[in-house]
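Engineer: Got a structure for you, run_33.cif, holding mmCIF, C-alpha atoms.
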data_input
#
loop_
_atom_site.group_PDB
_atom_site.id
_atom_site.type_symbol
_atom_site.label_atom_id
_atom_site.label_comp_id
_atom_site.auth_asym_id
_atom_site.auth_seq_id
_atom_site.Cartn_x
_atom_site.Cartn_y
_atom_site.Cartn_z
ATOM 1 C CA MET I 23 -21.141 86.612 -54.560
ATOM 2 C CA ARG I 24 -19.336 83.715 -56.193
ATOM 3 C CA ARG I 25 -21.541 81.048 -57.722
ATOM 4 C CA VAL I 26 -20.712 77.551 -56.510
ATOM 5 C CA ASP I 27 -20.084 74.841 -59.109
ATOM 6 C CA GLU I 28 -22.492 72.159 -57.935
ATOM 7 C CA SER I 29 -20.753 69.374 -59.880
ATOM 8 C CA ASN I 30 -18.026 69.476 -57.208
ATOM 9 C CA MET I 31 -20.460 69.492 -54.288
ATOM 10 C CA LYS I 32 -20.117 65.916 -53.049
ATOM 11 C CA GLY I 33 -19.552 65.392 -49.352
ATOM 12 C CA TYR I 34 -17.264 67.863 -47.590
ATOM 13 C CA HIS I 35 -16.205 71.026 -49.400
ATOM 14 C CA ASP I 36 -14.377 74.271 -48.506
ATOM 15 C CA ILE I 37 -15.474 77.599 -49.952
ATOM 16 C CA HIS I 38 -13.103 80.577 -49.688
ATOM 17 C CA LEU I 39 -14.611 84.065 -49.999
ATOM 18 C CA SER I 40 -13.283 87.610 -49.724
ATOM 19 C CA ARG I 41 -15.494 90.518 -48.741
ATOM 20 C CA ALA I 42 -15.111 94.213 -47.961
ATOM 21 C CA ALA I 43 -16.835 96.041 -45.126
ATOM 22 C CA LEU I 44 -16.975 99.411 -43.420
ATOM 23 C CA PRO I 45 -16.763 99.784 -39.630
ATOM 24 C CA GLY I 46 -20.167 99.540 -37.963
ATOM 25 C CA GLU I 47 -22.078 98.608 -41.148
ATOM 26 C CA LYS I 48 -23.793 95.241 -41.536
ATOM 27 C CA VAL I 49 -22.964 93.427 -44.798
ATOM 28 C CA ARG I 50 -24.101 90.079 -46.154
ATOM 29 C CA VAL I 51 -21.027 87.904 -46.596
ATOM 30 C CA TRP I 52 -22.624 84.612 -47.718
ATOM 31 C CA PHE I 53 -25.936 82.974 -48.575
ATOM 32 C CA ALA I 54 -27.216 79.578 -49.718
ATOM 33 C CA THR I 55 -30.393 77.909 -50.909
ATOM 34 C CA LEU I 56 -31.428 74.279 -51.278
ATOM 35 C CA THR I 57 -33.910 74.451 -54.138
ATOM 36 C CA ASN I 58 -35.738 72.057 -56.489
ATOM 37 C CA PRO I 59 -36.177 72.875 -60.210
ATOM 38 C CA ASP I 60 -39.757 74.012 -59.428
ATOM 39 C CA CYS I 61 -38.313 76.496 -56.870
ATOM 40 C CA SER I 62 -39.653 74.591 -53.843
ATOM 41 C CA PRO I 63 -37.318 73.653 -50.965
ATOM 42 C CA ALA I 64 -35.168 70.576 -51.713
ATOM 43 C CA GLY I 65 -34.474 69.724 -48.073
ATOM 44 C CA THR I 66 -33.141 71.385 -44.965
ATOM 45 C CA MET I 67 -29.927 73.192 -44.035
ATOM 46 C CA THR I 68 -28.248 74.001 -40.766
ATOM 47 C CA THR I 69 -25.650 76.733 -40.601
ATOM 48 C CA GLN I 70 -23.494 77.709 -37.663
ATOM 49 C CA ILE I 71 -20.610 80.012 -36.879
ATOM 50 C CA VAL I 72 -17.561 77.795 -36.286
ATOM 51 C CA SER I 73 -15.064 80.594 -35.700
ATOM 52 C CA PRO I 74 -16.458 84.069 -34.962
ATOM 53 C CA PRO I 75 -14.727 87.226 -36.149
ATOM 54 C CA GLN I 76 -12.177 88.818 -33.809
ATOM 55 C CA HIS I 77 -13.076 92.447 -34.629
ATOM 56 C CA GLY I 78 -16.814 92.397 -35.178
ATOM 57 C CA HIS I 79 -20.009 90.433 -34.941
ATOM 58 C CA ALA I 80 -21.526 87.773 -37.217
ATOM 59 C CA ASP I 81 -25.079 86.513 -37.323
ATOM 60 C CA ILE I 82 -27.036 83.993 -39.351
ATOM 61 C CA SER I 83 -30.637 84.317 -40.475
ATOM 62 C CA THR I 84 -33.075 82.071 -42.289
ATOM 63 C CA ASP I 85 -34.893 84.180 -44.873
ATOM 64 C CA LYS I 86 -36.364 84.250 -48.334
ATOM 65 C CA VAL I 87 -33.550 85.201 -50.761
ATOM 66 C CA PHE I 88 -33.058 85.574 -54.489
ATOM 67 C CA PRO I 89 -30.912 82.589 -55.557
ATOM 68 C CA ASN I 90 -28.078 82.887 -58.046
ATOM 69 C CA PHE I 91 -28.117 79.818 -60.312
ATOM 70 C CA VAL I 92 -26.038 79.547 -63.491
ATOM 71 C CA ALA I 93 -27.451 78.448 -66.870
ATOM 72 C CA PRO I 94 -27.912 75.727 -68.044
ATOM 73 C CA ASN I 95 -29.069 74.768 -64.521
ATOM 74 C CA PRO I 96 -32.870 74.395 -64.819
ATOM 75 C CA ARG I 97 -33.249 76.220 -61.489
ATOM 76 C CA VAL I 98 -32.096 79.461 -63.127
ATOM 77 C CA ILE I 99 -35.826 80.290 -63.437
ATOM 78 C CA CYS I 100 -35.868 80.558 -59.629
ATOM 79 C CA ASP I 101 -33.522 83.572 -59.773
ATOM 80 C CA LYS I 102 -36.586 85.766 -60.441
ATOM 81 C CA GLN I 103 -38.258 84.969 -57.123
ATOM 82 C CA LYS I 104 -37.311 84.620 -53.490
ATOM 83 C CA VAL I 105 -36.855 81.086 -52.151
ATOM 84 C CA ASP I 106 -36.018 79.650 -48.731
ATOM 85 C CA GLY I 107 -32.407 80.290 -47.824
ATOM 86 C CA VAL I 108 -29.889 81.105 -45.156
ATOM 87 C CA GLN I 109 -27.671 84.199 -44.949
ATOM 88 C CA ALA I 110 -24.632 85.214 -42.916
ATOM 89 C CA PHE I 111 -23.940 88.825 -42.027
ATOM 90 C CA TYR I 112 -20.896 90.582 -40.607
ATOM 91 C CA THR I 113 -20.631 93.902 -38.768
ATOM 92 C CA ALA I 114 -17.160 95.256 -38.022
ATOM 93 C CA ASP I 115 -16.580 96.960 -34.693
ATOM 94 C CA ALA I 116 -16.909 100.756 -34.826
ATOM 95 C CA GLY I 117 -13.497 102.284 -35.450
ATOM 96 C CA PHE I 118 -11.869 99.009 -36.568
ATOM 97 C CA HIS I 119 -9.829 99.004 -39.796
ATOM 98 C CA GLY I 120 -7.924 95.961 -41.008
ATOM 99 C CA HIS I 121 -8.379 92.239 -41.658
ATOM 100 C CA ASP I 122 -10.935 89.994 -39.998
ATOM 101 C CA LYS I 123 -12.151 86.502 -40.764
ATOM 102 C CA LEU I 124 -15.136 84.313 -40.103
ATOM 103 C CA VAL I 125 -15.671 80.556 -40.534
ATOM 104 C CA LEU I 126 -19.138 79.062 -41.058
ATOM 105 C CA GLN I 127 -20.308 75.499 -41.481
ATOM 106 C CA ASN I 128 -23.344 74.628 -43.594
ATOM 107 C CA ALA I 129 -24.805 71.112 -43.660
ATOM 108 C CA THR I 130 -27.689 69.931 -45.839
ATOM 109 C CA SER I 131 -30.143 67.062 -45.560
ATOM 110 C CA GLU I 132 -28.535 65.789 -48.799
ATOM 111 C CA GLY I 133 -25.326 65.023 -46.871
ATOM 112 C CA ARG I 134 -23.248 67.973 -48.040
ATOM 113 C CA VAL I 135 -21.106 69.803 -45.530
ATOM 114 C CA ARG I 136 -19.479 73.076 -46.525
ATOM 115 C CA ARG I 137 -16.975 75.032 -44.510
ATOM 116 C CA VAL I 138 -17.187 78.669 -45.593
ATOM 117 C CA LEU I 139 -14.029 80.698 -44.884
ATOM 118 C CA VAL I 140 -14.664 84.439 -45.244
ATOM 119 C CA ASP I 141 -11.742 86.895 -45.311
ATOM 120 C CA ILE I 142 -12.971 90.416 -44.618
ATOM 121 C CA ASP I 143 -11.125 93.644 -45.421
ATOM 122 C CA VAL I 144 -12.486 96.456 -43.236
ATOM 123 C CA ARG I 145 -11.669 99.901 -44.599
#
Write the structure described by the file as structure tokens, please.
Structural biologist:
Amino acid sequence: MRRVDESNMKGYHDIHLSRAALPGEKVRVWFATLTNPDCSPAGTMTTQIVSPPQHGHADISTDKVFPNFVAPNPRVICDKQKVDGVQAFYTADAGFHGHDKLVLQNATSEGRVRRVLVDIDVR
């Protein structure tokens, strides 16, 4: 997973990701947290599938996840425990090999909207 530079996270932002998958196997393609320095939730998030994949299935779940903060961010201490988060998963159709893509939208109570474009190479 690519760590997001939060200094550029004002307003609307696009994130481009590339992932690999195998036919019929569920893989996590993206996750996010909204976390305070004490590891408590810093607000709420809503995530939706804007454009579903053509050759598979995507789903979103709200779970406890291990975050992935970068030092010197004070929240790096939260990387050792699970915090509230949201995840997106992709499962390619059985027998499919090739390129697929998925577009998500994530909005936070802080007023950030991210469009997450995921290119998926199914081998």
Engineer: For CA of Pro75 in chain I and CA of Asp115 in chain I, quote the distance in Å rounded to one decimal.
Structural biologist: 10.0 Å
Engineer: Please report the interatomic distance between CA of Lys123 in chain I and CA of Asn90 in chain I in Å with one decimal.
Structural biologist: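 Rounded to one decimal, the two atoms are 23.8 Å apart.
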Engineer: Which residues of range 66-90 of chain I have any atom within 9 Å of an atom in range 98-109 of chain I when counting only C-alpha atoms, and what is the closest pair of atoms for each, with the distance in Å to one decimal? Order the rows by chain and rising number and write it as a Markdown table.
Structural biologist:
| residue | atom | partner | partner_atom | distance |
| --- | --- | --- | --- | --- |
| I:Met67 | CA | I:Val108 | CA | 8.0 |
| I:Thr68 | CA | I:Val108 | CA | 8.5 |
| I:Thr69 | CA | I:Val108 | CA | 7.6 |
| I:Asp81 | CA | I:Gln109 | CA | 8.4 |
| I:Ile82 | CA | I:Gln109 | CA | 5.6 |
| I:Ser83 | CA | I:Gln109 | CA | 5.4 |
| I:Thr84 | CA | I:Val108 | CA | 4.4 |
| I:Asp85 | CA | I:Gly107 | CA | 5.5 |
| I:Lys86 | CA | I:Asp106 | CA | 4.6 |
| I:Val87 | CA | I:Lys104 | CA | 4.7 |
| I:Phe88 | CA | I:Lys104 | CA | 4.5 |
| I:Pro89 | CA | I:Asp101 | CA | 5.1 |
| I:Asn90 | CA | I:Asp101 | CA | 5.8 |
Engineer: Grab the CA of Ile71 in chain I to CA of Ala110 in chain I distance for me, in Å with one decimal place.
Structural biologist: 8.9 Å
Engineer: Smallest atom-to-atom distance to Leu39 in chain I: which of I:Phe53, I:Arg145, I:Pro96, I:Ala129, using only C-alpha atoms?
Structural biologist: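 Closest to Leu39 in chain I of all the choices is I:Phe53.
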Engineer: Could I get range 128-143 of chain I rebuilt with N, CA and C atoms, written as a PDB file, in the frame of the given file?
Structural biologist:
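The file below, part-v5.pdb, is the result:
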ATOM      1  N   ASN I 128     -21.999  74.825 -43.068  1.00  0.00           N
ATOM      2  CA  ASN I 128     -23.344  74.628 -43.594  1.00  0.00           C
ATOM      3  C   ASN I 128     -23.504  73.157 -43.940  1.00  0.00           C
ATOM      4  N   ALA I 129     -24.540  72.520 -43.385  1.00  0.00           N
ATOM      5  CA  ALA I 129     -24.805  71.112 -43.660  1.00  0.00           C
ATOM      6  C   ALA I 129     -26.225  70.977 -44.207  1.00  0.00           C
ATOM      7  N   THR I 130     -26.380  70.123 -45.233  1.00  0.00           N
ATOM      8  CA  THR I 130     -27.689  69.931 -45.839  1.00  0.00           C
ATOM      9  C   THR I 130     -28.209  68.527 -45.564  1.00  0.00           C
ATOM     10  N   SER I 131     -29.516  68.374 -45.722  1.00  0.00           N
ATOM     11  CA  SER I 131     -30.143  67.062 -45.560  1.00  0.00           C
ATOM     12  C   SER I 131     -29.733  66.107 -46.677  1.00  0.00           C
ATOM     13  N   GLU I 132     -29.059  66.625 -47.717  1.00  0.00           N
ATOM     14  CA  GLU I 132     -28.535  65.789 -48.799  1.00  0.00           C
ATOM     15  C   GLU I 132     -27.165  65.200 -48.454  1.00  0.00           C
ATOM     16  N   GLY I 133     -26.619  65.551 -47.290  1.00  0.00           N
ATOM     17  CA  GLY I 133     -25.326  65.023 -46.871  1.00  0.00           C
ATOM     18  C   GLY I 133     -24.135  65.833 -47.344  1.00  0.00           C
ATOM     19  N   ARG I 134     -24.358  67.083 -47.669  1.00  0.00           N
ATOM     20  CA  ARG I 134     -23.248  67.973 -48.040  1.00  0.00           C
ATOM     21  C   ARG I 134     -22.878  68.831 -46.841  1.00  0.00           C
ATOM     22  N   VAL I 135     -21.606  68.934 -46.589  1.00  0.00           N
ATOM     23  CA  VAL I 135     -21.106  69.803 -45.530  1.00  0.00           C
ATOM     24  C   VAL I 135     -20.113  70.765 -46.167  1.00  0.00           C
ATOM     25  N   ARG I 136     -20.370  72.044 -45.983  1.00  0.00           N
ATOM     26  CA  ARG I 136     -19.479  73.076 -46.525  1.00  0.00           C
ATOM     27  C   ARG I 136     -18.923  73.901 -45.383  1.00  0.00           C
ATOM     28  N   ARG I 137     -17.621  74.096 -45.426  1.00  0.00           N
ATOM     29  CA  ARG I 137     -16.975  75.032 -44.510  1.00  0.00           C
ATOM     30  C   ARG I 137     -16.727  76.287 -45.333  1.00  0.00           C
ATOM     31  N   VAL I 138     -17.266  77.407 -44.870  1.00  0.00           N
ATOM     32  CA  VAL I 138     -17.187  78.669 -45.593  1.00  0.00           C
ATOM     33  C   VAL I 138     -16.212  79.573 -44.842  1.00  0.00           C
ATOM     34  N   LEU I 139     -15.063  79.846 -45.481  1.00  0.00           N
ATOM     35  CA  LEU I 139     -14.029  80.698 -44.884  1.00  0.00           C
ATOM     36  C   LEU I 139     -14.128  82.076 -45.538  1.00  0.00           C
ATOM     37  N   VAL I 140     -14.441  83.089 -44.731  1.00  0.00           N
ATOM     38  CA  VAL I 140     -14.664  84.439 -45.244  1.00  0.00           C
ATOM     39  C   VAL I 140     -13.562  85.354 -44.725  1.00  0.00           C
ATOM     40  N   ASP I 141     -12.737  85.879 -45.640  1.00  0.00           N
ATOM     41  CA  ASP I 141     -11.742  86.895 -45.311  1.00  0.00           C
ATOM     42  C   ASP I 141     -12.388  88.254 -45.539  1.00  0.00           C
ATOM     43  N   ILE I 142     -12.282  89.140 -44.551  1.00  0.00           N
ATOM     44  CA  ILE I 142     -12.971  90.416 -44.618  1.00  0.00           C
ATOM     45  C   ILE I 142     -11.959  91.557 -44.472  1.00  0.00           C
ATOM     46  N   ASP I 143     -11.975  92.458 -45.434  1.00  0.00           N
ATOM     47  CA  ASP I 143     -11.125  93.644 -45.421  1.00  0.00           C
ATOM     48  C   ASP I 143     -11.985  94.816 -44.965  1.00  0.00           C
TER      49      ASP I 143
END
